[in-house]
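Source file: coords_24.pdb (PDB, C-alpha atoms)
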ATOM      1  CA  MET P   6     130.117 102.908 163.214
ATOM      2  CA  ASP P   7     127.578 103.598 165.941
ATOM      3  CA  PHE P   8     124.813 106.184 165.453
ATOM      4  CA  ASP P   9     122.972 107.995 168.192
ATOM      5  CA  LEU P  10     119.269 107.859 167.285
ATOM      6  CA  LYS P  11     118.631 110.905 169.420
ATOM      7  CA  ASN P  12     120.815 113.039 167.124
ATOM      8  CA  LEU P  13     118.506 112.211 164.217
ATOM      9  CA  GLY P  14     115.515 113.699 166.000
ATOM     10  CA  MET P  15     113.396 110.575 165.386
ATOM     11  CA  THR P  16     112.339 107.701 167.546
ATOM     12  CA  GLU P  17     113.205 104.103 166.782
ATOM     13  CA  GLU P  18     109.511 103.378 165.971
ATOM     14  CA  LYS P  19     109.525 106.045 163.232
ATOM     15  CA  LEU P  20     112.785 104.866 161.716
ATOM     16  CA  PHE P  21     111.920 101.195 161.668
ATOM     17  CA  SER P  22     108.531  99.619 161.133
ATOM     18  CA  PHE P  23     107.397  96.086 160.326
ATOM     19  CA  HIS P  24     106.032  95.547 156.799
ATOM     20  CA  GLU P  25     103.608  92.697 156.311
ATOM     21  CA  HIS P  26     104.155  90.423 153.313
ATOM     22  CA  SER P  27     101.219  89.523 151.084
ATOM     23  CA  ASP P  28     101.574  86.769 148.478
ATOM     24  CA  LEU P  29      98.583  88.169 146.550
ATOM     25  CA  GLU P  30     100.022  91.691 146.343
ATOM     26  CA  SER P  31     103.424  90.401 145.261
ATOM     27  CA  GLU P  32     101.855  88.689 142.229
ATOM     28  CA  LYS P  33     100.322  91.893 140.888
ATOM     29  CA  ILE P  34     101.973  93.417 137.814
ATOM     30  CA  THR P  35     102.766  97.085 138.185
ATOM     31  CA  ALA P  36     103.056  97.665 134.427
ATOM     32  CA  PRO P  37     100.014  99.220 132.719
ATOM     33  CA  ARG P  38      97.578  96.814 131.057
ATOM     34  CA  TYR P  39      98.373  96.324 127.363
ATOM     35  CA  SER P  40      95.689  96.093 124.714
ATOM     36  CA  TYR P  41      96.929  95.297 121.214
ATOM     37  CA  TRP P  42      94.115  96.846 119.196
ATOM     38  CA  GLN P  43      93.903  99.909 121.440
ATOM     39  CA  SER P  44      97.600 100.417 120.841
ATOM     40  CA  VAL P  45      97.078  99.988 117.088
ATOM     41  CA  LEU P  46      94.394 102.683 117.040
ATOM     42  CA  ARG P  47      96.463 104.967 119.286
ATOM     43  CA  VAL P  48      99.482 104.751 116.974
ATOM     44  CA  PHE P  49      97.343 105.101 113.841
ATOM     45  CA  PHE P  50      95.508 108.229 115.020
ATOM     46  CA  ARG P  51      98.676 109.761 116.405
ATOM     47  CA  LYS P  52      99.416 111.079 112.920
ATOM     48  CA  LYS P  53      97.020 113.833 111.908
ATOM     49  CA  SER P  54      97.511 112.958 108.245
ATOM     50  CA  ASN P  55      96.018 109.516 108.914
ATOM     51  CA  ILE P  56      92.839 111.137 110.206
ATOM     52  CA  VAL P  57      92.505 113.192 107.016
ATOM     53  CA  ILE P  58      93.156 110.181 104.787
ATOM     54  CA  LEU P  59      90.748 108.006 106.782
ATOM     55  CA  CYS P  60      88.012 110.646 106.475
ATOM     56  CA  LEU P  61      88.606 110.762 102.721
ATOM     57  CA  PHE P  62      88.447 106.956 102.628
ATOM     58  CA  VAL P  63      85.134 106.874 104.518
ATOM     59  CA  PHE P  64      83.748 109.614 102.261
ATOM     60  CA  LEU P  65      84.669 107.733  99.067
ATOM     61  CA  ILE P  66      83.249 104.419 100.293
ATOM     62  CA  ALA P  67      80.060 106.016 101.634
ATOM     63  CA  PHE P  68      79.533 108.103  98.510
ATOM     64  CA  ALA P  69      80.096 105.115  96.235
ATOM     65  CA  TYR P  70      77.347 103.121  97.984
ATOM     66  CA  ILE P  71      74.936 105.746  99.301
ATOM     67  CA  TYR P  72      74.778 108.198  96.379
ATOM     68  CA  PRO P  73      73.776 105.618  93.700
ATOM     69  CA  ALA P  74      71.098 104.288  96.050
ATOM     70  CA  LEU P  75      69.578 107.761  96.476
ATOM     71  CA  THR P  76      69.616 108.755  92.810
ATOM     72  CA  GLU P  77      67.901 107.246  89.811
ATOM     73  CA  TYR P  78      70.743 106.743  87.374
ATOM     74  CA  ASN P  79      69.603 105.859  83.880
ATOM     75  CA  ARG P  80      72.403 105.532  81.396
ATOM     76  CA  PHE P  81      70.082 105.854  78.400
ATOM     77  CA  GLY P  82      67.663 108.415  79.833
ATOM     78  CA  GLU P  83      68.783 111.149  77.394
ATOM     79  CA  LEU P  84      69.744 108.859  74.508
ATOM     80  CA  LEU P  85      67.203 110.390  72.111
ATOM     81  CA  ASN P  86      68.195 113.951  73.000
ATOM     82  CA  PRO P  87      71.138 114.932  70.750
ATOM     83  CA  ASP P  88      71.605 118.256  72.564
ATOM     84  CA  ALA P  89      72.437 116.454  75.846
ATOM     85  CA  LYS P  90      75.399 114.459  74.545
ATOM     86  CA  HIS P  91      79.092 115.225  75.150
ATOM     87  CA  LEU P  92      78.450 118.388  77.147
ATOM     88  CA  SER P  93      81.230 120.022  79.141
ATOM     89  CA  PRO P  94      80.488 120.752  82.831
ATOM     90  CA  SER P  95      79.608 124.398  82.174
ATOM     91  CA  ALA P  96      77.477 123.539  79.141
ATOM     92  CA  ALA P  97      75.665 120.772  81.054
ATOM     93  CA  LEU P  98      74.864 123.093  83.952
ATOM     94  CA  ASP P  99      73.572 125.735  81.551
ATOM     95  CA  TYR P 100      71.418 123.197  79.713
ATOM     96  CA  PHE P 101      69.989 121.235  82.673
ATOM     97  CA  GLY P 102      70.274 123.906  85.365
ATOM     98  CA  TRP P 103      72.315 123.632  88.540
ATOM     99  CA  ASN P 104      72.441 120.023  89.671
ATOM    100  CA  ILE P 105      75.278 118.036  91.217
ATOM    101  CA  LYS P 106      74.587 115.334  88.610
ATOM    102  CA  TYR P 107      76.052 117.498  85.868
ATOM    103  CA  ILE P 108      79.122 119.040  87.486
ATOM    104  CA  LEU P 109      81.305 116.710  85.353
ATOM    105  CA  GLY P 110      79.289 117.068  82.156
ATOM    106  CA  THR P 111      77.585 114.337  80.150
ATOM    107  CA  GLY P 112      78.712 111.341  78.103
ATOM    108  CA  ALA P 113      78.062 109.833  74.717
ATOM    109  CA  SER P 114      74.505 108.773  75.648
ATOM    110  CA  GLY P 115      73.678 112.033  77.369
ATOM    111  CA  GLN P 116      74.131 110.342  80.743
ATOM    112  CA  SER P 117      75.506 112.154  83.782
ATOM    113  CA  THR P 118      79.252 111.513  84.001
ATOM    114  CA  PHE P 119      79.119 112.160  87.770
ATOM    115  CA  ASP P 120      76.409 109.510  88.313
ATOM    116  CA  ALA P 121      78.142 107.053  85.999
ATOM    117  CA  ILE P 122      81.427 107.373  87.912
ATOM    118  CA  TRP P 123      79.928 106.648  91.322
ATOM    119  CA  ASP P 124      77.793 103.806  90.018
ATOM    120  CA  GLY P 125      80.927 102.305  88.464
ATOM    121  CA  SER P 126      82.925 102.936  91.648
ATOM    122  CA  ARG P 127      80.408 100.910  93.638
ATOM    123  CA  ILE P 128      80.876  97.918  91.330
ATOM    124  CA  SER P 129      84.688  98.200  91.236
ATOM    125  CA  ILE P 130      85.062  98.614  95.005
ATOM    126  CA  SER P 131      82.675  95.725  95.718
ATOM    127  CA  MET P 132      84.664  93.504  93.376
ATOM    128  CA  ALA P 133      87.948  94.502  95.047
ATOM    129  CA  PHE P 134      86.651  93.818  98.571
ATOM    130  CA  ILE P 135      85.185  90.429  97.632
ATOM    131  CA  CYS P 136      88.374  89.328  95.860
ATOM    132  CA  GLY P 137      90.495  90.595  98.749
ATOM    133  CA  ALA P 138      88.402  88.734 101.338
ATOM    134  CA  VAL P 139      88.491  85.440  99.421
ATOM    135  CA  ASN P 140      92.181  85.531  98.456
ATOM    136  CA  MET P 141      93.413  86.707 101.849
ATOM    137  CA  THR P 142      91.354  84.150 103.797
ATOM    138  CA  ILE P 143      92.502  81.191 101.687
ATOM    139  CA  GLY P 144      96.034  82.516 101.272
ATOM    140  CA  VAL P 145      96.697  83.247 104.940
ATOM    141  CA  ILE P 146      95.304  79.953 106.278
ATOM    142  CA  LEU P 147      96.911  77.795 103.611
ATOM    143  CA  GLY P 148     100.172  79.743 103.787
ATOM    144  CA  ALA P 149     100.419  79.187 107.531
ATOM    145  CA  VAL P 150      99.968  75.432 107.160
ATOM    146  CA  TRP P 151     102.177  75.393 104.060
ATOM    147  CA  GLY P 152     105.112  76.933 105.899
ATOM    148  CA  PHE P 153     104.799  74.693 108.936
ATOM    149  CA  SER P 154     104.097  71.307 107.365
ATOM    150  CA  LYS P 155     106.905  69.790 105.281
ATOM    151  CA  THR P 156     104.443  67.437 103.569
ATOM    152  CA  VAL P 157     102.220  70.301 102.434
ATOM    153  CA  ASP P 158     105.328  72.291 101.521
ATOM    154  CA  SER P 159     106.568  69.695  99.034
ATOM    155  CA  ILE P 160     103.156  69.529  97.327
ATOM    156  CA  MET P 161     102.468  73.265  97.255
ATOM    157  CA  MET P 162     105.946  74.163  95.999
ATOM    158  CA  ALA P 163     105.328  71.957  92.958
ATOM    159  CA  VAL P 164     101.977  73.682  92.376
ATOM    160  CA  TYR P 165     103.500  77.120  92.827
ATOM    161  CA  ASN P 166     106.396  76.416  90.467
ATOM    162  CA  VAL P 167     103.902  75.586  87.721
ATOM    163  CA  ILE P 168     101.152  78.181  88.271
ATOM    164  CA  GLY P 169     103.229  80.912  89.885
ATOM    165  CA  ASN P 170     105.359  81.395  86.782
ATOM    166  CA  VAL P 171     102.341  82.084  84.555
ATOM    167  CA  PRO P 172     101.557  85.836  84.400
ATOM    168  CA  TYR P 173      98.575  86.593  86.649
ATOM    169  CA  ILE P 174      96.993  89.013  84.190
ATOM    170  CA  LEU P 175      97.232  86.360  81.456
ATOM    171  CA  LEU P 176      95.327  83.830  83.574
ATOM    172  CA  ILE P 177      92.610  86.379  84.276
ATOM    173  CA  SER P 178      92.322  87.274  80.587
ATOM    174  CA  VAL P 179      91.990  83.609  79.576
ATOM    175  CA  VAL P 180      89.206  82.988  82.099
ATOM    176  CA  MET P 181      87.383  86.130  80.943
ATOM    177  CA  MET P 182      87.592  84.879  77.344
ATOM    178  CA  LEU P 183      86.328  81.394  78.190
ATOM    179  CA  PHE P 184      83.252  82.501  80.147
ATOM    180  CA  LYS P 185      80.638  85.216  79.865
ATOM    181  CA  PRO P 186      82.226  88.488  81.071
ATOM    182  CA  THR P 187      80.128  89.197  84.170
ATOM    183  CA  PHE P 188      80.895  90.494  87.658
ATOM    184  CA  TRP P 189      81.165  87.020  89.192
ATOM    185  CA  THR P 190      83.254  85.771  86.293
ATOM    186  CA  LEU P 191      85.803  88.480  87.073
ATOM    187  CA  VAL P 192      85.710  87.555  90.773
ATOM    188  CA  LEU P 193      86.302  83.912  89.823
ATOM    189  CA  ALA P 194      89.184  84.862  87.533
ATOM    190  CA  MET P 195      90.905  86.940  90.215
ATOM    191  CA  THR P 196      90.420  84.386  92.985
ATOM    192  CA  LEU P 197      91.177  81.271  90.975
ATOM    193  CA  THR P 198      94.930  81.565  91.593
ATOM    194  CA  GLY P 199      95.208  84.910  93.389
ATOM    195  CA  TRP P 200      95.387  83.236  96.791
ATOM    196  CA  LEU P 201      98.472  81.244  95.725
ATOM    197  CA  TYR P 202     100.776  84.267  95.684
ATOM    198  CA  ILE P 203      99.531  85.395  99.095
ATOM    199  CA  ALA P 204      99.983  81.881 100.504
ATOM    200  CA  TYR P 205     103.569  81.767  99.233
ATOM    201  CA  ALA P 206     104.386  85.120 100.857
ATOM    202  CA  ILE P 207     102.874  83.936 104.157
ATOM    203  CA  ARG P 208     104.774  80.656 103.854
ATOM    204  CA  ILE P 209     108.089  82.542 103.698
ATOM    205  CA  GLN P 210     107.265  84.456 106.884
ATOM    206  CA  VAL P 211     106.139  81.293 108.664
ATOM    207  CA  VAL P 212     109.353  79.456 107.773
ATOM    208  CA  ILE P 213     111.303  82.236 109.495
ATOM    209  CA  ILE P 214     109.524  81.818 112.845
ATOM    210  CA  ARG P 215     108.294  78.201 112.853
ATOM    211  CA  ASP P 216     111.406  76.787 114.603
ATOM    212  CA  ARG P 217     111.386  79.150 117.549
ATOM    213  CA  GLU P 218     111.496  77.612 121.019
ATOM    214  CA  TYR P 219     107.819  78.006 121.904
ATOM    215  CA  ASN P 220     106.751  76.326 118.652
ATOM    216  CA  LEU P 221     109.117  73.405 119.242
ATOM    217  CA  ALA P 222     107.774  73.084 122.782
ATOM    218  CA  SER P 223     104.186  73.022 121.522
ATOM    219  CA  LYS P 224     105.069  70.362 118.983
ATOM    220  CA  CYS P 225     106.728  68.211 121.665
ATOM    221  CA  LEU P 226     103.573  68.496 123.777
ATOM    222  CA  GLY P 227     101.527  67.028 120.922
ATOM    223  CA  THR P 228      99.876  70.188 119.594
ATOM    224  CA  SER P 229      98.638  69.777 116.026
ATOM    225  CA  THR P 230     100.319  71.582 113.146
ATOM    226  CA  PHE P 231      97.130  73.459 112.286
ATOM    227  CA  LYS P 232      96.678  74.710 115.851
ATOM    228  CA  ILE P 233     100.319  75.817 116.122
ATOM    229  CA  ALA P 234      99.993  77.701 112.846
ATOM    230  CA  MET P 235      96.725  79.392 113.898
ATOM    231  CA  LYS P 236      97.598  80.138 117.550
ATOM    232  CA  ASN P 237     101.373  80.518 117.693
ATOM    233  CA  ILE P 238     102.298  81.979 114.323
ATOM    234  CA  LEU P 239      99.529  84.000 112.689
ATOM    235  CA  PRO P 240      98.966  86.378 115.653
ATOM    236  CA  PHE P 241     102.586  87.527 115.264
ATOM    237  CA  MET P 242     102.008  88.307 111.588
ATOM    238  CA  THR P 243      99.104  90.748 111.900
ATOM    239  CA  SER P 244     101.073  93.720 110.598
ATOM    240  CA  ILE P 245     102.333  91.701 107.623
ATOM    241  CA  ILE P 246      98.827  90.503 106.760
ATOM    242  CA  VAL P 247      97.362  94.015 106.990
ATOM    243  CA  THR P 248     100.155  95.387 104.808
ATOM    244  CA  MET P 249      99.543  92.685 102.206
ATOM    245  CA  LEU P 250      95.827  93.438 102.242
ATOM    246  CA  ALA P 251      96.649  97.106 101.663
ATOM    247  CA  THR P 252      98.369  96.238  98.405
ATOM    248  CA  GLU P 253      95.939  93.546  97.275
ATOM    249  CA  ILE P 254      92.646  95.497  97.333
ATOM    250  CA  PRO P 255      93.864  98.463  95.216
ATOM    251  CA  SER P 256      95.553  96.066  92.799
ATOM    252  CA  TYR P 257      92.208  94.400  91.981
ATOM    253  CA  ILE P 258      90.762  97.772  90.973
ATOM    254  CA  SER P 259      93.848  98.366  88.816
ATOM    255  CA  TYR P 260      93.466  94.947  87.181
ATOM    256  CA  GLU P 261      89.794  95.599  86.460
ATOM    257  CA  VAL P 262      90.557  98.995  84.904
ATOM    258  CA  PHE P 263      93.350  97.508  82.788
ATOM    259  CA  LEU P 264      91.236  94.561  81.592
ATOM    260  CA  SER P 265      88.382  96.874  80.617
ATOM    261  CA  TYR P 266      90.798  99.225  78.872
ATOM    262  CA  ILE P 267      92.083  96.396  76.635
ATOM    263  CA  GLY P 268      88.555  95.139  75.978
ATOM    264  CA  ARG P 269      88.587  92.108  78.315
ATOM    265  CA  GLY P 270      86.492  93.610  81.103
ATOM    266  CA  ILE P 271      82.994  92.833  82.321
ATOM    267  CA  SER P 272      79.751  94.034  80.758
ATOM    268  CA  GLU P 273      78.772  96.173  83.773
ATOM    269  CA  MET P 274      79.719  99.871  83.666
ATOM    270  CA  THR P 275      82.639  99.755  86.081
ATOM    271  CA  LEU P 276      85.305 102.457  86.318
ATOM    272  CA  GLY P 277      87.412 100.532  83.836
ATOM    273  CA  ARG P 278      84.506 100.206  81.413
ATOM    274  CA  LEU P 279      83.829 103.952  81.634
ATOM    275  CA  ILE P 280      87.457 104.696  80.808
ATOM    276  CA  TYR P 281      87.409 102.215  77.936
ATOM    277  CA  GLU P 282      84.267 103.669  76.347
ATOM    278  CA  ALA P 283      85.482 107.264  76.788
ATOM    279  CA  GLU P 284      88.890 106.598  75.241
ATOM    280  CA  SER P 285      88.093 108.612  72.121
ATOM    281  CA  ALA P 286      87.036 111.569  74.271
ATOM    282  CA  MET P 287      90.604 111.897  75.552
ATOM    283  CA  VAL P 288      91.761 113.518  72.304
ATOM    284  CA  THR P 289      88.506 115.300  71.385
ATOM    285  CA  SER P 290      88.340 118.963  72.295
ATOM    286  CA  GLY P 291      85.594 119.675  74.824
ATOM    287  CA  TRP P 292      85.031 116.009  75.683
ATOM    288  CA  GLU P 293      88.081 115.509  77.923
ATOM    289  CA  PHE P 294      86.045 115.367  81.157
ATOM    290  CA  GLU P 295      84.388 112.130  80.000
ATOM    291  CA  PHE P 296      87.758 110.382  80.038
ATOM    292  CA  TRP P 297      89.773 112.089  82.753
ATOM    293  CA  SER P 298      87.003 112.119  85.384
ATOM    294  CA  PRO P 299      86.826 108.302  85.842
ATOM    295  CA  VAL P 300      90.619 108.119  85.523
ATOM    296  CA  ALA P 301      91.028 110.638  88.358
ATOM    297  CA  ILE P 302      88.445 108.960  90.612
ATOM    298  CA  SER P 303      89.923 105.483  90.083
ATOM    299  CA  ALA P 304      93.404 106.841  90.869
ATOM    300  CA  ILE P 305      92.175 108.590  94.038
ATOM    301  CA  ILE P 306      90.319 105.484  95.273
ATOM    302  CA  THR P 307      93.343 103.266  94.612
ATOM    303  CA  VAL P 308      95.818 105.604  96.326
ATOM    304  CA  VAL P 309      93.573 106.206  99.352
ATOM    305  CA  LEU P 310      92.958 102.462  99.849
ATOM    306  CA  TYR P 311      96.693 101.807  99.599
ATOM    307  CA  VAL P 312      97.766 104.605 101.973
ATOM    308  CA  VAL P 313      95.143 103.734 104.609
ATOM    309  CA  GLY P 314      96.163 100.078 104.490
ATOM    310  CA  GLN P 315      99.892 100.812 104.638
ATOM    311  CA  ASN P 316      99.550 103.161 107.607
ATOM    312  CA  LEU P 317      97.281 100.682 109.395
ATOM    313  CA  GLY P 318      99.848  97.961 108.694
ATOM    314  CA  ASP P 319     102.588 100.096 110.246
ATOM    315  CA  ALA P 320     100.393 100.729 113.289
ATOM    316  CA  SER P 321      99.758  96.977 113.583
ATOM    317  CA  ASP P 322     103.454  96.330 114.184
ATOM    318  CA  PRO P 323     103.915  95.884 117.975
ATOM    319  CA  ARG P 324     107.344  97.501 117.742
ATOM    320  CA  THR P 325     105.619 100.845 117.096
ATOM    321  CA  HIS P 326     103.583 100.585 120.306
ATOM    322  CA  MET P 327     106.440 101.487 122.611
TER     323      MET P 327
END
Take the structure in this file and express it as structure tokens.
Amino acid sequence: MDFDLKNLGMTEEKLFSFHEHSDLESEKITAPRYSYWQSVLRVFFRKKSNIVILCLFVFLIAFAYIYPALTEYNRFGELLNPDAKHLSPSAALDYFGWNIKYILGTGASGQSTFDAIWDGSRISISMAFICGAVNMTIGVILGAVWGFSKTVDSIMMAVYNVIGNVPYILLISVVMMLFKPTFWTLVLAMTLTGWLYIAYAIRIQVVIIRDREYNLASKCLGTSTFKIAMKNILPFMTSIIVTMLATEIPSYISYEVFLSYIGRGISEMTLGRLIYEAESAMVTSGWEFEFWSPVAISAIITVVLYVVGQNLGDASDPRTHM
């Protein structure tokens, strides 16, 4: 069908124009630039509840480390003063005057329960972070190689079948009985085999993705097993690793509290040790704050660490970045 260009009210030059081709322009990607960690933070802070929980997390960590450094906590400072022992919060404030140190009352030695809790929190949180760093580092690296190398797999499966079936808490208790119960003894007990369970979990995830096409291509090109595991596999498991870390760190605090409660804890006044020594106060009228205060703080710290880690693990999943 023929068209009369004059009826369109436009000249041929306006209707048709020559467009120059540029090889450089054709190679440009029109999609917006993607940043993994920016996307993680964007997804994480999208939920207002995460902001509240993160602020609570920062407050707890900062208070546990800053407050004990600014105050002079002396557990036996009022030991010879019988009137200062086992005071309720109201009685302690009346006796000592208004001071944040005594808003939770005093303990069996006349010490400030508030100061004792935050000094113990510092020790418990430090222990949890150190154990988490050691176990996750060894577990993730070894688990990646374990899942990709059949030689390592045969050896490590034999090790796991022997050690993995022994209750973890039993191993920790035995180590604490064999050595002097100190902070570093507890760290040793929790990291002696703690990495094995993490490595096995990572191994399962690696087995699922190790035979994908790009990994087979890298292997055919002569890439080492270690490099394939570190470069091709672990970056795709960030969300899984963060989620595992979210469960590991709070669990170490729970283990420490449990060990101290059954009398197998360390000599330092951790949260667990405070709960253990205040056990009798739980059923004594007027002394309840000595027991329930460290219980409440340990529960809050554990829950906050877990929730922050879980939500960060969800935000680390690339499928949530769409």
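With distances taken over all atoms listed in the file, P:Ala69 is the one residue among P:Ala222, P:Ala69, P:Ile203, P:Ile306 lying closest to Gly125 in chain P.
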Open item on the list: Taking the file as I've supplied it (selection: the PyMOL selection byres ((chain P and resi 285) around 12)), which residues are included? Please answer as a count of residues only.
Closed with: 22
Open item on the list: Which residues are near Gln116 in chain P? Cut-off 7 Å, only C-alpha atoms, ignore same chain within fewer than 2 positions. Put them as a ChimeraX atom specification.
Closed with: /P:80-83,111-112,114,118
Since we have the selection now, will you write its residues out, keeping C-alpha atoms, as a PDB file, in the frame of the given file?
ATOM      1  CA  ARG P  80      72.403 105.532  81.396  1.00  0.00           C
ATOM      2  CA  PHE P  81      70.082 105.854  78.400  1.00  0.00           C
ATOM      3  CA  GLY P  82      67.663 108.415  79.833  1.00  0.00           C
ATOM      4  CA  GLU P  83      68.783 111.149  77.394  1.00  0.00           C
ATOM      5  CA  THR P 111      77.585 114.337  80.150  1.00  0.00           C
ATOM      6  CA  GLY P 112      78.712 111.341  78.103  1.00  0.00           C
ATOM      7  CA  SER P 114      74.505 108.773  75.648  1.00  0.00           C
ATOM      8  CA  THR P 118      79.252 111.513  84.001  1.00  0.00           C
TER       9      THR P 118
END
Task: Shell of 9 Å around Pro73 in chain P, all atoms listed in the file, local chain residues under 5 positions omitted, as number ranges by chain - done: P: 68, 78, 120-121, 123-124, 127
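Our summary of the geometry notes that CA of Leu109 in chain P is positioned 7.0 Å from CA of Ser93 in chain P.
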Box along x, y and z, 4 Å on every side, all listed atoms of range 248-255 of chain P inside: centre and edge lengths in Å to one decimal, as JSON.
{"center_x": 96.4, "center_y": 95.6, "center_z": 100.0, "size_x": 15.5, "size_y": 13.8, "size_z": 17.6}
TODO: Might you spell out which residues the PyMOL selection byres ((chain P and resi 260) around 12) would select in the displayed file, as a ChimeraX atom specification?
DONE: /P:129,132-133,136,173-178,191-192,194-195,199,253-259,261-267,269-271,275-278,303,307
C-alpha atoms of the current selection, written as an mmCIF file, keeping the file's coordinate frame:
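Resulting contents of result_0.cif:
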data_model
loop_
_atom_site.group_PDB
_atom_site.id
_atom_site.type_symbol
_atom_site.label_atom_id
_atom_site.label_comp_id
_atom_site.auth_asym_id
_atom_site.auth_seq_id
_atom_site.Cartn_x
_atom_site.Cartn_y
_atom_site.Cartn_z
ATOM 1 C CA SER P 129 84.688 98.200 91.236
ATOM 2 C CA MET P 132 84.664 93.504 93.376
ATOM 3 C CA ALA P 133 87.948 94.502 95.047
ATOM 4 C CA CYS P 136 88.374 89.328 95.860
ATOM 5 C CA TYR P 173 98.575 86.593 86.649
ATOM 6 C CA ILE P 174 96.993 89.013 84.190
ATOM 7 C CA LEU P 175 97.232 86.360 81.456
ATOM 8 C CA LEU P 176 95.327 83.830 83.574
ATOM 9 C CA ILE P 177 92.610 86.379 84.276
ATOM 10 C CA SER P 178 92.322 87.274 80.587
ATOM 11 C CA LEU P 191 85.803 88.480 87.073
ATOM 12 C CA VAL P 192 85.710 87.555 90.773
ATOM 13 C CA ALA P 194 89.184 84.862 87.533
ATOM 14 C CA MET P 195 90.905 86.940 90.215
ATOM 15 C CA GLY P 199 95.208 84.910 93.389
ATOM 16 C CA GLU P 253 95.939 93.546 97.275
ATOM 17 C CA ILE P 254 92.646 95.497 97.333
ATOM 18 C CA PRO P 255 93.864 98.463 95.216
ATOM 19 C CA SER P 256 95.553 96.066 92.799
ATOM 20 C CA TYR P 257 92.208 94.400 91.981
ATOM 21 C CA ILE P 258 90.762 97.772 90.973
ATOM 22 C CA SER P 259 93.848 98.366 88.816
ATOM 23 C CA GLU P 261 89.794 95.599 86.460
ATOM 24 C CA VAL P 262 90.557 98.995 84.904
ATOM 25 C CA PHE P 263 93.350 97.508 82.788
ATOM 26 C CA LEU P 264 91.236 94.561 81.592
ATOM 27 C CA SER P 265 88.382 96.874 80.617
ATOM 28 C CA TYR P 266 90.798 99.225 78.872
ATOM 29 C CA ILE P 267 92.083 96.396 76.635
ATOM 30 C CA ARG P 269 88.587 92.108 78.315
ATOM 31 C CA GLY P 270 86.492 93.610 81.103
ATOM 32 C CA ILE P 271 82.994 92.833 82.321
ATOM 33 C CA THR P 275 82.639 99.755 86.081
ATOM 34 C CA LEU P 276 85.305 102.457 86.318
ATOM 35 C CA GLY P 277 87.412 100.532 83.836
ATOM 36 C CA ARG P 278 84.506 100.206 81.413
ATOM 37 C CA SER P 303 89.923 105.483 90.083
ATOM 38 C CA THR P 307 93.343 103.266 94.612
#
- [ ] Using all atoms listed in the file, pick whichever of P:Pro94, P:Gly268, P:Gly152, P:Gly314 has the shortest atom-to-atom distance to Phe62 in chain P.
- [x] P:Gly314
- [ ] Would you translate the PyMOL selection byres ((chain P and resi 205) around 9) into the concrete set of residues it matches in this file, as a PyMOL selection string?
- [x] chain P and resi 144+147-148+151-152+161-162+165+200-204+206-210
Open item on the list: At a cut-off of 8 Å, using only C-alpha atoms, what residues contact Ala320 in chain P? Leave out same-chain residues fewer than 2 positions from it and give the result as a list in words.
Closed with: Val45, Leu46, Val48, Phe49, Ser244, Asn316, Leu317, Gly318, Asp322, Pro323, Thr325 and His326 of chain P
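CA of Lys185 in chain P is found 28.2 Å from CA of Ile66 in chain P.
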